[in-house]
>>> print(open('run16.txt').read())   # compact mmCIF, C-alpha atoms and all ligand atoms
# COMPACT_ATOMS: atom_id res chain seq x y z
CA MET D 1 -26.87 17.41 -32.46
CA SER D 2 -27.99 20.40 -30.50
CA ARG D 3 -31.08 21.49 -28.69
CA TYR D 4 -31.04 24.56 -30.89
CA TRP D 5 -31.79 22.49 -33.98
CA SER D 6 -35.24 22.62 -35.55
CA ALA D 7 -37.24 19.40 -35.85
CA VAL D 8 -36.68 19.51 -39.62
CA VAL D 9 -32.91 19.50 -39.19
CA HIS D 10 -33.09 16.60 -36.74
CA GLY D 11 -34.94 14.61 -39.39
CA LEU D 12 -32.62 15.32 -42.34
CA THR D 13 -30.43 12.74 -44.07
CA PRO D 14 -28.15 15.01 -46.14
CA TYR D 15 -26.65 14.10 -49.50
CA VAL D 16 -23.00 13.03 -49.33
CA PRO D 17 -21.11 14.52 -52.30
CA GLY D 18 -18.17 12.68 -53.82
CA GLU D 19 -15.05 13.89 -52.09
CA GLN D 20 -12.88 16.71 -53.43
CA PRO D 21 -9.48 15.64 -52.06
CA ARG D 22 -6.90 18.37 -51.62
CA LEU D 23 -3.95 16.21 -52.62
CA ALA D 24 -2.34 17.02 -55.94
CA ASN D 25 -1.48 14.37 -58.55
CA LEU D 26 -4.60 12.31 -57.97
CA VAL D 27 -6.38 10.70 -60.87
CA LYS D 28 -9.78 12.04 -59.86
CA LEU D 29 -12.53 10.04 -61.52
CA ASN D 30 -15.16 10.14 -58.77
CA THR D 31 -17.52 13.07 -59.42
CA ASN D 32 -18.17 13.09 -63.18
CA GLU D 33 -16.48 16.41 -63.82
CA ASN D 34 -15.41 17.15 -67.38
CA PRO D 35 -11.62 16.78 -67.74
CA TYR D 36 -11.44 19.53 -70.36
CA GLY D 37 -13.05 22.34 -68.39
CA PRO D 38 -14.41 25.50 -69.99
CA GLY D 39 -13.00 26.99 -73.19
CA ALA D 40 -10.96 30.19 -73.46
CA LYS D 41 -14.03 32.24 -74.46
CA VAL D 42 -15.80 31.37 -71.22
CA LEU D 43 -12.74 32.28 -69.16
CA ALA D 44 -12.41 35.58 -71.04
CA ALA D 45 -16.09 36.40 -70.42
CA ILE D 46 -15.69 35.73 -66.69
CA SER D 47 -12.57 37.94 -66.58
CA ALA D 48 -14.42 40.69 -68.44
CA ALA D 49 -17.18 40.57 -65.83
CA ASN D 50 -14.65 40.85 -63.01
CA THR D 51 -15.01 44.61 -62.62
CA ASP D 52 -16.28 47.25 -60.24
CA ASP D 53 -19.79 46.27 -61.42
CA LEU D 54 -19.56 43.49 -58.83
CA ARG D 55 -20.83 46.08 -56.37
CA LEU D 56 -24.19 45.83 -58.17
CA TYR D 57 -26.63 42.97 -57.77
CA PRO D 58 -26.88 40.74 -60.82
CA ASP D 59 -30.00 40.63 -63.02
CA PRO D 60 -32.56 38.72 -60.90
CA THR D 61 -34.25 37.43 -64.07
CA ALA D 62 -30.96 36.32 -65.67
CA LEU D 63 -32.54 37.45 -68.92
CA GLU D 64 -29.45 37.43 -71.12
CA LEU D 65 -28.45 33.92 -70.09
CA ARG D 66 -32.02 32.66 -70.44
CA ARG D 67 -32.12 34.18 -73.96
CA ALA D 68 -28.92 32.31 -74.86
CA ILE D 69 -30.33 29.04 -73.51
CA ALA D 70 -33.69 29.60 -75.24
CA ALA D 71 -31.96 30.25 -78.56
CA HIS D 72 -29.76 27.18 -78.15
CA HIS D 73 -32.78 24.93 -77.58
CA GLY D 74 -35.29 26.67 -79.84
CA VAL D 75 -37.70 27.56 -77.04
CA LYS D 76 -39.06 30.83 -75.68
CA VAL D 77 -37.33 32.71 -72.89
CA GLU D 78 -40.43 32.27 -70.65
CA GLU D 79 -39.84 28.53 -70.97
CA VAL D 80 -36.37 28.68 -69.37
CA PHE D 81 -35.57 28.74 -65.66
CA VAL D 82 -31.98 29.05 -64.38
CA GLY D 83 -30.52 28.24 -60.99
CA ASN D 84 -27.35 27.81 -58.95
CA GLY D 85 -26.51 24.40 -60.35
CA SER D 86 -29.20 22.01 -61.48
CA ASP D 87 -29.31 20.73 -57.89
CA GLU D 88 -30.91 24.02 -56.93
CA VAL D 89 -33.22 23.88 -59.95
CA LEU D 90 -34.24 20.37 -58.86
CA ALA D 91 -34.75 21.48 -55.27
CA HIS D 92 -37.11 24.24 -56.39
CA ALA D 93 -38.90 21.79 -58.68
CA PHE D 94 -39.42 19.36 -55.81
CA MET D 95 -41.12 22.10 -53.83
CA ALA D 96 -42.92 23.76 -56.75
CA LEU D 97 -44.06 20.81 -58.86
CA LEU D 98 -43.28 17.40 -57.35
CA LYS D 99 -44.83 17.77 -53.88
CA HIS D 100 -48.41 16.47 -54.00
CA GLN D 101 -50.78 14.29 -51.97
CA ARG D 102 -49.69 11.13 -53.71
CA PRO D 103 -46.02 10.03 -53.59
CA LEU D 104 -43.26 11.01 -55.97
CA ALA D 105 -41.94 8.13 -58.09
CA PHE D 106 -38.29 7.69 -59.04
CA PRO D 107 -36.04 4.70 -59.76
CA ASP D 108 -34.87 2.74 -56.71
CA ILE D 109 -31.32 3.06 -58.06
CA SER D 110 -30.84 6.65 -59.10
CA TYR D 111 -29.47 10.06 -58.14
CA SER D 112 -29.24 9.98 -54.37
CA PHE D 113 -30.25 13.63 -54.03
CA TYR D 114 -33.89 12.75 -54.83
CA PRO D 115 -34.65 11.03 -51.51
CA VAL D 116 -32.77 13.85 -49.75
CA TYR D 117 -35.09 16.49 -51.23
CA CYS D 118 -38.07 14.30 -50.34
CA GLY D 119 -36.85 14.40 -46.73
CA LEU D 120 -36.27 18.15 -46.81
CA TYR D 121 -39.68 18.98 -48.27
CA GLY D 122 -41.74 16.23 -46.64
CA ILE D 123 -42.56 14.41 -49.88
CA ALA D 124 -43.44 10.70 -49.78
CA ALA D 125 -41.09 8.73 -52.03
CA HIS D 126 -42.16 5.78 -54.19
CA GLY D 127 -39.07 3.83 -55.30
CA VAL D 128 -39.67 2.01 -58.58
CA PRO D 129 -37.33 -0.97 -59.04
CA LEU D 130 -35.19 -0.96 -62.16
CA ALA D 131 -35.53 -3.98 -64.44
CA GLU D 132 -33.10 -6.91 -64.20
CA ASP D 133 -30.82 -5.22 -66.77
CA PHE D 134 -30.96 -1.94 -64.75
CA SER D 135 -33.17 -0.17 -67.31
CA ILE D 136 -36.17 2.00 -66.38
CA ARG D 137 -39.54 0.31 -66.99
CA VAL D 138 -41.94 3.04 -68.08
CA ASP D 139 -45.01 0.87 -67.55
CA ASP D 140 -44.36 0.84 -63.81
CA TYR D 141 -44.71 4.64 -63.77
CA ILE D 142 -47.77 4.58 -66.01
CA THR D 143 -49.69 2.28 -63.67
CA ALA D 144 -48.48 3.61 -60.28
CA ASP D 145 -50.66 5.65 -57.92
CA ILE D 146 -48.33 8.66 -57.83
CA GLY D 147 -48.49 12.45 -57.81
CA ALA D 148 -45.34 13.09 -59.89
CA ALA D 149 -42.29 11.35 -61.36
CA ILE D 150 -38.60 12.17 -61.79
CA PHE D 151 -35.73 10.23 -63.31
CA PRO D 152 -32.35 11.07 -64.78
CA ASN D 153 -31.86 10.30 -68.46
CA PRO D 154 -29.38 8.76 -68.83
CA ASN D 155 -29.87 7.34 -65.35
CA ALA D 156 -27.20 7.78 -62.71
CA PRO D 157 -25.22 5.87 -61.58
CA THR D 158 -26.05 3.25 -64.23
CA GLY D 159 -25.40 5.46 -67.28
CA ILE D 160 -28.22 3.72 -69.14
CA ALA D 161 -30.36 5.92 -71.42
CA LEU D 162 -34.10 5.60 -71.85
CA PRO D 163 -35.10 6.01 -75.53
CA LEU D 164 -36.96 9.25 -76.27
CA ALA D 165 -40.01 7.28 -77.47
CA GLU D 166 -40.26 5.72 -74.01
CA VAL D 167 -40.01 9.12 -72.30
CA GLU D 168 -42.80 10.37 -74.56
CA ARG D 169 -44.93 7.28 -73.88
CA LEU D 170 -44.80 8.07 -70.15
CA VAL D 171 -45.44 11.80 -70.49
CA ALA D 172 -48.36 11.16 -72.88
CA ALA D 173 -49.88 8.42 -70.70
CA ARG D 174 -49.80 10.52 -67.52
CA PRO D 175 -51.20 13.99 -68.32
CA ASP D 176 -52.39 14.01 -64.70
CA ILE D 177 -48.88 14.31 -63.23
CA PRO D 178 -45.73 16.40 -63.80
CA VAL D 179 -42.76 14.42 -65.09
CA LEU D 180 -39.25 15.82 -64.56
CA VAL D 181 -36.53 14.43 -66.82
CA ASP D 182 -33.11 15.20 -65.29
CA GLU D 183 -30.81 15.37 -68.31
CA ALA D 184 -27.58 16.11 -66.42
CA TYR D 185 -25.64 13.78 -68.76
CA VAL D 186 -27.58 14.30 -71.98
CA ASP D 187 -24.60 15.89 -73.76
CA PHE D 188 -22.82 12.54 -74.02
CA GLY D 189 -25.16 10.86 -76.47
CA THR D 190 -28.77 10.71 -75.22
CA GLU D 191 -31.71 12.12 -77.22
CA SER D 192 -33.05 15.10 -75.27
CA ALA D 193 -36.71 15.38 -74.33
CA VAL D 194 -36.64 19.18 -74.72
CA GLY D 195 -38.46 18.75 -78.03
CA LEU D 196 -41.48 17.33 -76.16
CA VAL D 197 -41.99 20.50 -74.18
CA HIS D 198 -44.22 22.20 -76.75
CA LYS D 199 -46.36 19.10 -77.15
CA TYR D 200 -46.96 18.29 -73.48
CA PRO D 201 -47.73 20.70 -70.62
CA ASN D 202 -46.58 18.21 -67.95
CA ILE D 203 -42.90 17.72 -68.80
CA LEU D 204 -39.99 19.67 -67.32
CA VAL D 205 -36.45 18.93 -68.50
CA SER D 206 -33.42 19.93 -66.40
CA HIS D 207 -29.87 20.43 -67.66
CA THR D 208 -26.58 21.42 -66.06
CA LEU D 209 -23.43 23.16 -67.27
CA SER D 210 -21.42 21.03 -64.81
CA LYS D 211 -20.88 17.93 -66.93
CA GLY D 212 -21.04 18.52 -70.69
CA ARG D 213 -19.86 22.13 -70.49
CA GLY D 214 -17.06 21.64 -67.97
CA LEU D 215 -18.36 24.26 -65.54
CA ALA D 216 -19.08 22.35 -62.31
CA GLY D 217 -17.29 25.10 -60.35
CA LEU D 218 -19.46 27.89 -61.78
CA ARG D 219 -22.74 26.36 -60.50
CA VAL D 220 -25.25 26.84 -63.30
CA GLY D 221 -28.21 24.65 -64.19
CA TYR D 222 -31.52 25.23 -65.93
CA ALA D 223 -34.91 23.75 -66.66
CA ILE D 224 -37.13 23.95 -69.73
CA GLY D 225 -40.88 23.52 -69.71
CA GLN D 226 -44.06 25.35 -70.61
CA ALA D 227 -44.38 28.79 -69.02
CA PRO D 228 -46.74 27.75 -66.18
CA LEU D 229 -44.17 25.23 -64.93
CA VAL D 230 -41.36 27.79 -65.18
CA ASP D 231 -43.58 30.30 -63.34
CA ALA D 232 -43.91 27.83 -60.47
CA LEU D 233 -40.12 27.60 -60.20
CA MET D 234 -39.79 31.41 -60.33
CA ARG D 235 -42.28 31.74 -57.48
CA VAL D 236 -40.20 29.42 -55.30
CA LYS D 237 -36.93 31.07 -56.34
CA ASP D 238 -38.24 34.53 -55.48
CA SER D 239 -39.37 33.21 -52.11
CA PHE D 240 -35.87 31.90 -51.41
CA ASN D 241 -33.08 33.86 -53.14
CA SER D 242 -33.69 36.39 -55.90
CA TYR D 243 -30.07 36.29 -57.12
CA PRO D 244 -28.97 32.66 -57.27
CA LEU D 245 -26.56 33.35 -60.14
CA ASP D 246 -23.84 35.92 -59.60
CA ARG D 247 -22.46 38.21 -62.30
CA LEU D 248 -19.47 35.98 -63.07
CA ALA D 249 -21.65 32.90 -63.43
CA LEU D 250 -24.11 34.70 -65.69
CA ALA D 251 -21.30 35.90 -67.95
CA GLY D 252 -19.46 32.58 -68.11
CA ALA D 253 -22.59 30.53 -68.70
CA ALA D 254 -23.83 32.77 -71.52
CA ALA D 255 -20.38 32.59 -73.16
CA SER D 256 -20.50 28.80 -73.05
CA PHE D 257 -23.56 28.79 -75.31
CA ALA D 258 -21.76 31.14 -77.70
CA ASP D 259 -18.82 28.72 -78.11
CA ASP D 260 -20.37 25.66 -79.70
CA ALA D 261 -17.06 24.51 -81.22
CA TRP D 262 -15.48 23.92 -77.80
CA PHE D 263 -18.60 22.14 -76.58
CA GLN D 264 -18.75 19.83 -79.60
CA GLN D 265 -15.01 19.04 -79.55
CA THR D 266 -14.78 18.24 -75.86
CA ARG D 267 -17.90 16.11 -75.68
CA ALA D 268 -16.74 14.15 -78.75
CA LYS D 269 -13.40 13.53 -76.99
CA VAL D 270 -15.16 12.31 -73.85
CA MET D 271 -17.35 9.94 -75.87
CA ALA D 272 -14.32 8.56 -77.74
CA THR D 273 -12.42 7.99 -74.50
CA ARG D 274 -15.49 6.28 -73.05
CA ASN D 275 -15.09 3.59 -75.74
CA THR D 276 -11.43 3.12 -74.78
CA LEU D 277 -12.39 2.86 -71.11
CA VAL D 278 -15.15 0.31 -71.78
CA ASP D 279 -12.84 -1.83 -73.94
CA GLY D 280 -10.09 -1.68 -71.30
CA LEU D 281 -12.48 -2.69 -68.52
CA GLU D 282 -13.86 -5.59 -70.54
CA VAL D 283 -10.35 -6.89 -71.14
CA LEU D 284 -9.93 -6.84 -67.33
CA ASP D 285 -13.07 -8.99 -67.02
CA PHE D 286 -15.49 -6.28 -65.93
CA GLU D 287 -19.14 -6.25 -66.92
CA VAL D 288 -19.84 -2.68 -68.07
CA LEU D 289 -23.41 -1.38 -68.32
CA PRO D 290 -24.10 0.41 -71.64
CA SER D 291 -23.24 4.05 -70.87
CA ALA D 292 -24.60 7.18 -72.52
CA ALA D 293 -22.94 9.36 -69.87
CA ASN D 294 -19.43 10.65 -69.02
CA PHE D 295 -19.00 7.78 -66.59
CA VAL D 296 -19.34 4.02 -66.71
CA PHE D 297 -20.83 1.67 -64.14
CA ALA D 298 -18.83 -1.53 -64.07
CA ARG D 299 -18.72 -4.74 -62.06
CA PRO D 300 -15.69 -7.03 -61.69
CA LYS D 301 -16.97 -10.47 -62.71
CA THR D 302 -14.57 -12.01 -60.22
CA GLY D 303 -13.42 -9.80 -57.40
CA ASN D 304 -14.78 -7.35 -54.90
CA ALA D 305 -15.54 -3.76 -55.91
CA ALA D 306 -14.97 -2.32 -52.42
CA GLU D 307 -11.51 -3.92 -52.22
CA ILE D 308 -10.59 -2.80 -55.72
CA ASN D 309 -11.76 0.70 -54.81
CA ALA D 310 -9.42 0.70 -51.80
CA LYS D 311 -6.49 -0.58 -53.86
CA LEU D 312 -7.04 2.09 -56.50
CA ARG D 313 -7.08 4.75 -53.82
CA GLU D 314 -3.70 3.53 -52.47
CA GLN D 315 -2.38 4.27 -55.95
CA GLY D 316 -3.94 7.74 -56.04
CA VAL D 317 -6.84 6.81 -58.33
CA ILE D 318 -10.22 7.91 -56.96
CA VAL D 319 -13.44 6.38 -58.30
CA ARG D 320 -16.86 6.08 -56.66
CA HIS D 321 -18.18 3.02 -54.83
CA PHE D 322 -21.69 2.93 -53.35
CA ALA D 323 -22.12 0.86 -50.19
CA ARG D 324 -25.84 0.52 -50.88
CA PRO D 325 -28.28 -0.51 -52.20
CA GLU D 326 -27.35 -4.18 -52.27
CA ARG D 327 -27.79 -4.56 -56.03
CA ILE D 328 -24.97 -2.14 -56.83
CA THR D 329 -22.47 -2.84 -54.07
CA ASN D 330 -20.18 -4.74 -56.42
CA PHE D 331 -20.07 -1.93 -58.99
CA LEU D 332 -17.66 0.97 -59.41
CA ARG D 333 -18.69 4.24 -61.03
CA ILE D 334 -15.78 5.58 -63.02
CA THR D 335 -15.75 9.04 -64.63
CA VAL D 336 -14.43 9.28 -68.18
CA GLY D 337 -11.30 11.42 -67.90
CA THR D 338 -8.63 12.24 -70.46
CA ASP D 339 -6.92 9.43 -72.39
CA GLU D 340 -3.96 9.75 -70.00
CA GLN D 341 -6.17 9.46 -66.91
CA THR D 342 -7.94 6.47 -68.45
CA ALA D 343 -4.62 4.76 -69.12
CA ALA D 344 -3.54 5.47 -65.52
CA LEU D 345 -6.80 4.05 -64.18
CA LEU D 346 -6.48 0.87 -66.25
CA ALA D 347 -2.83 0.43 -65.16
CA ALA D 348 -3.82 0.86 -61.50
CA LEU D 349 -6.67 -1.62 -61.98
CA ARG D 350 -4.28 -4.22 -63.38
CA ILE D 351 -2.18 -3.84 -60.22
CA ALA D 352 -5.28 -3.89 -57.97
CA LEU D 353 -6.47 -7.10 -59.64
CA GLY D 354 -3.01 -8.66 -59.37
CA SER D 355 -2.87 -9.15 -63.15
CA ASP D 356 0.35 -7.15 -63.49
C1 LIG D 401 -24.41 16.10 -61.43
C2 LIG D 401 -25.89 15.86 -61.40
C3 LIG D 401 -26.80 16.89 -61.13
C4 LIG D 401 -26.40 18.22 -60.57
O1 LIG D 401 -25.61 18.99 -61.26
P1 LIG D 401 -25.23 20.45 -60.78
O2 LIG D 401 -23.76 20.44 -60.68
O3 LIG D 401 -25.91 20.76 -59.49
O4 LIG D 401 -25.75 21.28 -61.89
C5 LIG D 401 -28.15 16.63 -61.22
N1 LIG D 401 -28.60 15.42 -61.53
C6 LIG D 401 -27.78 14.40 -61.75
C7 LIG D 401 -28.34 13.07 -62.08
C8 LIG D 401 -26.40 14.59 -61.68
O5 LIG D 401 -25.57 13.56 -61.84
>>> encode(input="run16.txt", output="structure tokens")
Amino acid sequence: MSRYWSAVVHGLTPYVPGEQPRLANLVKLNTNENPYGPGAKVLAAISAANTDDLRLYPDPTALELRRAIAAHHGVKVEEVFVGNGSDEVLAHAFMALLKHQRPLAFPDISYSFYPVYCGLYGIAAHGVPLAEDFSIRVDDYITADIGAAIFPNPNAPTGIALPLAEVERLVAARPDIPVLVDEAYVDFGTESAVGLVHKYPNILVSHTLSKGRGLAGLRVGYAIGQAPLVDALMRVKDSFNSYPLDRLALAGAAASFADDAWFQQTRAKVMATRNTLVDGLEVLDFEVLPSAANFVFARPKTGNAAEINAKLREQGVIVRHFARPERITNFLRITVGTDEQTAALLAALRIALGSD
């Protein structure tokens, strides 16, 4: 604390990212990164952009990348907004579209950045409890007195997907409010709502290259919606930072959309390993929520998640444990790594549980 701080800074409760330990040889399954990383074509494109041109500002409209994204999704370039990670895209959306007189609704168990942005931008939050089985109940959003809604699909940290028909039911029932569907994990088996964008003017869908495309370190995310929604994001962006994506990021991200083979292969591998992980956890007497993401959310039926987390860490295996809210304190969120990492995790779990 300091007397030089603004009142806003005094009032902030910042997001706490999963740690990025510096130790080598860790089995790092705590931040949902993709174990396969970017393909050779992306790395080559980044190297090719590493020239004297770095003295020049990048394209403030990111036109080439937005064209690649538009072509990939079958939408128009005016319907695509890009930012420095989808966290930045979300931040701009909170300010541009989700801040209204009435509160913003999101699941009570969800991405913990949402309440942080509410604090930053002075938006009232309306937490909507998940159902008993941790699924999102669309009816609660349809009947609530709210100014906007946001939820991840699949949800984080549960991994549970909401069927596309349910997303559409909400968007269609609430033409009075913007609905943001955060599809950070959509590449691992959830039906995307991007196809609803041309039918409904009130839906914005955000994606990231951090998870499915193995580019968390490049910081690229985007949103798709009708042009007036994208215009709102552009207005905020150009009131904040005209060049959120540097030349290397623009080049690498565009190349990712040009290498569909790598994308398809690596996401298929992650989904296959997810099955191995789920089976292994069930053998060890964990309850595993049905995951459509590159992580699973699992609860030891007998045993304490916080203690297991500590015992995994002693063995160099890092997963994520949330100390609150109460309903999820006995769960562990485990990223789907390679087959080798998954085997190492399961071996460490057997030791942690004393079943070895
Ligand atoms: C990882 C994640 C993001 C942010 O991704 P970026 O790396 O900032 O693109 C957004 N929403 C959810 C739910 C996430 O898990």
>>> residues_near_ligand(input="run16.txt", ligand="ligand LIG 401 (chain D)", cutoff="9 Å", atoms="all atoms listed in the file", output="ChimeraX atom specification")
/D:31-33,83-90,110-114,151-157,182-185,206-211,215-222
>>> atom_distance(input="run16.txt", atom1="atom CA of D:Gly212", atom2="atom CA of D:Thr61")
24.0 Å
>>> residues_around(input="run16.txt", residues="stretch 262-264 of chain D", least_positions_apart="5", cutoff="9 Å", atoms="only C-alpha atoms", output="list in words")
Pro38, Gly39, Ala40, Gly212, Arg213, Gly214, Ser256, Phe257 and Lys269 of chain D
>>> closest_residue(input="run16.txt", among="D:Asn30, D:Trp5, D:Ala149, D:Leu97", to="D:Ala232", atoms="all atoms listed in the file")
D:Leu97
>>> residues_around(input="run16.txt", residues="D:Thr266", least_positions_apart="6", cutoff="12 Å", atoms="all atoms listed in the file", output="ChimeraX atom specification")
/D:34-39,187-188,211-214,259-260,272-273,294,336-338
>>> closest_residue(input="run16.txt", among="D:Val27, D:Val288, D:Met95, D:Ala323", to="D:Ala347", atoms="only C-alpha atoms")
D:Val27
>>> atom_distance(input="run16.txt", atom1="atom CA of D:Arg22", atom2="atom CA of D:Ile334")
19.3 Å
>>> atom_distance(input="run16.txt", atom1="atom CA of D:Ala165", atom2="atom CA of D:Val138")
10.5 Å
>>> residues_around(input="run16.txt", residues="D:Pro58", least_positions_apart="6", cutoff="8 Å", atoms="only C-alpha atoms", output="PyMOL selection string")
chain D and resi 243+245-247
>>> residues_around(input="run16.txt", residues="D:Gln315", least_positions_apart="6", cutoff="9 Å", atoms="all atoms listed in the file", output="mmCIF file with C-alpha atoms, in the coordinates of the input")
data_model
loop_
_atom_site.group_PDB
_atom_site.id
_atom_site.type_symbol
_atom_site.label_atom_id
_atom_site.label_comp_id
_atom_site.auth_asym_id
_atom_site.auth_seq_id
_atom_site.Cartn_x
_atom_site.Cartn_y
_atom_site.Cartn_z
ATOM 1 C CA LEU D 26 -4.600 12.310 -57.970
ATOM 2 C CA ALA D 348 -3.820 0.860 -61.500
ATOM 3 C CA ALA D 352 -5.280 -3.890 -57.970
#
>>> decode(input="run16.txt", residues="stretch 43-51 of chain D", atoms="all heavy atoms", output="PDB file, in the first residue's frame")
ATOM      1  N   LEU D  43       6.457 -21.467 -35.987  1.00  0.00           N
ATOM      2  CA  LEU D  43       7.787 -21.026 -35.558  1.00  0.00           C
ATOM      3  C   LEU D  43       8.546 -20.393 -36.721  1.00  0.00           C
ATOM      4  O   LEU D  43       9.224 -19.366 -36.552  1.00  0.00           O
ATOM      5  CB  LEU D  43       8.569 -22.210 -34.977  1.00  0.00           C
ATOM      6  CG  LEU D  43       7.928 -22.842 -33.738  1.00  0.00           C
ATOM      7  CD1 LEU D  43       8.764 -24.018 -33.242  1.00  0.00           C
ATOM      8  CD2 LEU D  43       7.741 -21.814 -32.621  1.00  0.00           C
ATOM      9  N   ALA D  44       8.384 -20.967 -37.913  1.00  0.00           N
ATOM     10  CA  ALA D  44       9.059 -20.411 -39.093  1.00  0.00           C
ATOM     11  C   ALA D  44       8.505 -19.017 -39.410  1.00  0.00           C
ATOM     12  O   ALA D  44       9.269 -18.106 -39.754  1.00  0.00           O
ATOM     13  CB  ALA D  44       8.868 -21.349 -40.283  1.00  0.00           C
ATOM     14  N   ALA D  45       7.200 -18.844 -39.276  1.00  0.00           N
ATOM     15  CA  ALA D  45       6.595 -17.536 -39.581  1.00  0.00           C
ATOM     16  C   ALA D  45       7.081 -16.479 -38.586  1.00  0.00           C
ATOM     17  O   ALA D  45       7.329 -15.327 -38.957  1.00  0.00           O
ATOM     18  CB  ALA D  45       5.072 -17.644 -39.544  1.00  0.00           C
ATOM     19  N   ILE D  46       7.234 -16.882 -37.326  1.00  0.00           N
ATOM     20  CA  ILE D  46       7.719 -15.927 -36.319  1.00  0.00           C
ATOM     21  C   ILE D  46       9.174 -15.555 -36.626  1.00  0.00           C
ATOM     22  O   ILE D  46       9.559 -14.383 -36.581  1.00  0.00           O
ATOM     23  CB  ILE D  46       7.558 -16.500 -34.897  1.00  0.00           C
ATOM     24  CG1 ILE D  46       6.063 -16.661 -34.558  1.00  0.00           C
ATOM     25  CG2 ILE D  46       8.242 -15.606 -33.859  1.00  0.00           C
ATOM     26  CD1 ILE D  46       5.785 -17.419 -33.269  1.00  0.00           C
ATOM     27  N   SER D  47       9.978 -16.564 -36.999  1.00  0.00           N
ATOM     28  CA  SER D  47      11.381 -16.281 -37.355  1.00  0.00           C
ATOM     29  C   SER D  47      11.445 -15.354 -38.560  1.00  0.00           C
ATOM     30  O   SER D  47      12.267 -14.431 -38.595  1.00  0.00           O
ATOM     31  CB  SER D  47      12.126 -17.574 -37.704  1.00  0.00           C
ATOM     32  OG  SER D  47      12.178 -18.396 -36.587  1.00  0.00           O
ATOM     33  N   ALA D  48      10.573 -15.594 -39.533  1.00  0.00           N
ATOM     34  CA  ALA D  48      10.597 -14.771 -40.751  1.00  0.00           C
ATOM     35  C   ALA D  48      10.209 -13.325 -40.448  1.00  0.00           C
ATOM     36  O   ALA D  48      10.605 -12.407 -41.166  1.00  0.00           O
ATOM     37  CB  ALA D  48       9.658 -15.367 -41.802  1.00  0.00           C
ATOM     38  N   ALA D  49       9.443 -13.129 -39.389  1.00  0.00           N
ATOM     39  CA  ALA D  49       9.034 -11.759 -39.027  1.00  0.00           C
ATOM     40  C   ALA D  49      10.076 -11.069 -38.150  1.00  0.00           C
ATOM     41  O   ALA D  49       9.952  -9.881 -37.849  1.00  0.00           O
ATOM     42  CB  ALA D  49       7.689 -11.801 -38.299  1.00  0.00           C
ATOM     43  N   ASN D  50      11.076 -11.842 -37.746  1.00  0.00           N
ATOM     44  CA  ASN D  50      12.109 -11.313 -36.842  1.00  0.00           C
ATOM     45  C   ASN D  50      13.180 -10.593 -37.669  1.00  0.00           C
ATOM     46  O   ASN D  50      14.277 -11.099 -37.868  1.00  0.00           O
ATOM     47  CB  ASN D  50      12.694 -12.498 -36.051  1.00  0.00           C
ATOM     48  CG  ASN D  50      13.693 -12.059 -35.015  1.00  0.00           C
ATOM     49  OD1 ASN D  50      13.738 -10.883 -34.653  1.00  0.00           O
ATOM     50  ND2 ASN D  50      14.494 -12.991 -34.547  1.00  0.00           N
ATOM     51  N   THR D  51      12.826  -9.433 -38.179  1.00  0.00           N
ATOM     52  CA  THR D  51      13.714  -8.682 -39.076  1.00  0.00           C
ATOM     53  C   THR D  51      13.794  -7.227 -38.624  1.00  0.00           C
ATOM     54  O   THR D  51      13.167  -6.834 -37.642  1.00  0.00           O
ATOM     55  CB  THR D  51      13.163  -8.667 -40.520  1.00  0.00           C
ATOM     56  OG1 THR D  51      11.983  -7.857 -40.522  1.00  0.00           O
ATOM     57  CG2 THR D  51      12.833 -10.061 -41.014  1.00  0.00           C
TER      58      THR D  51
END
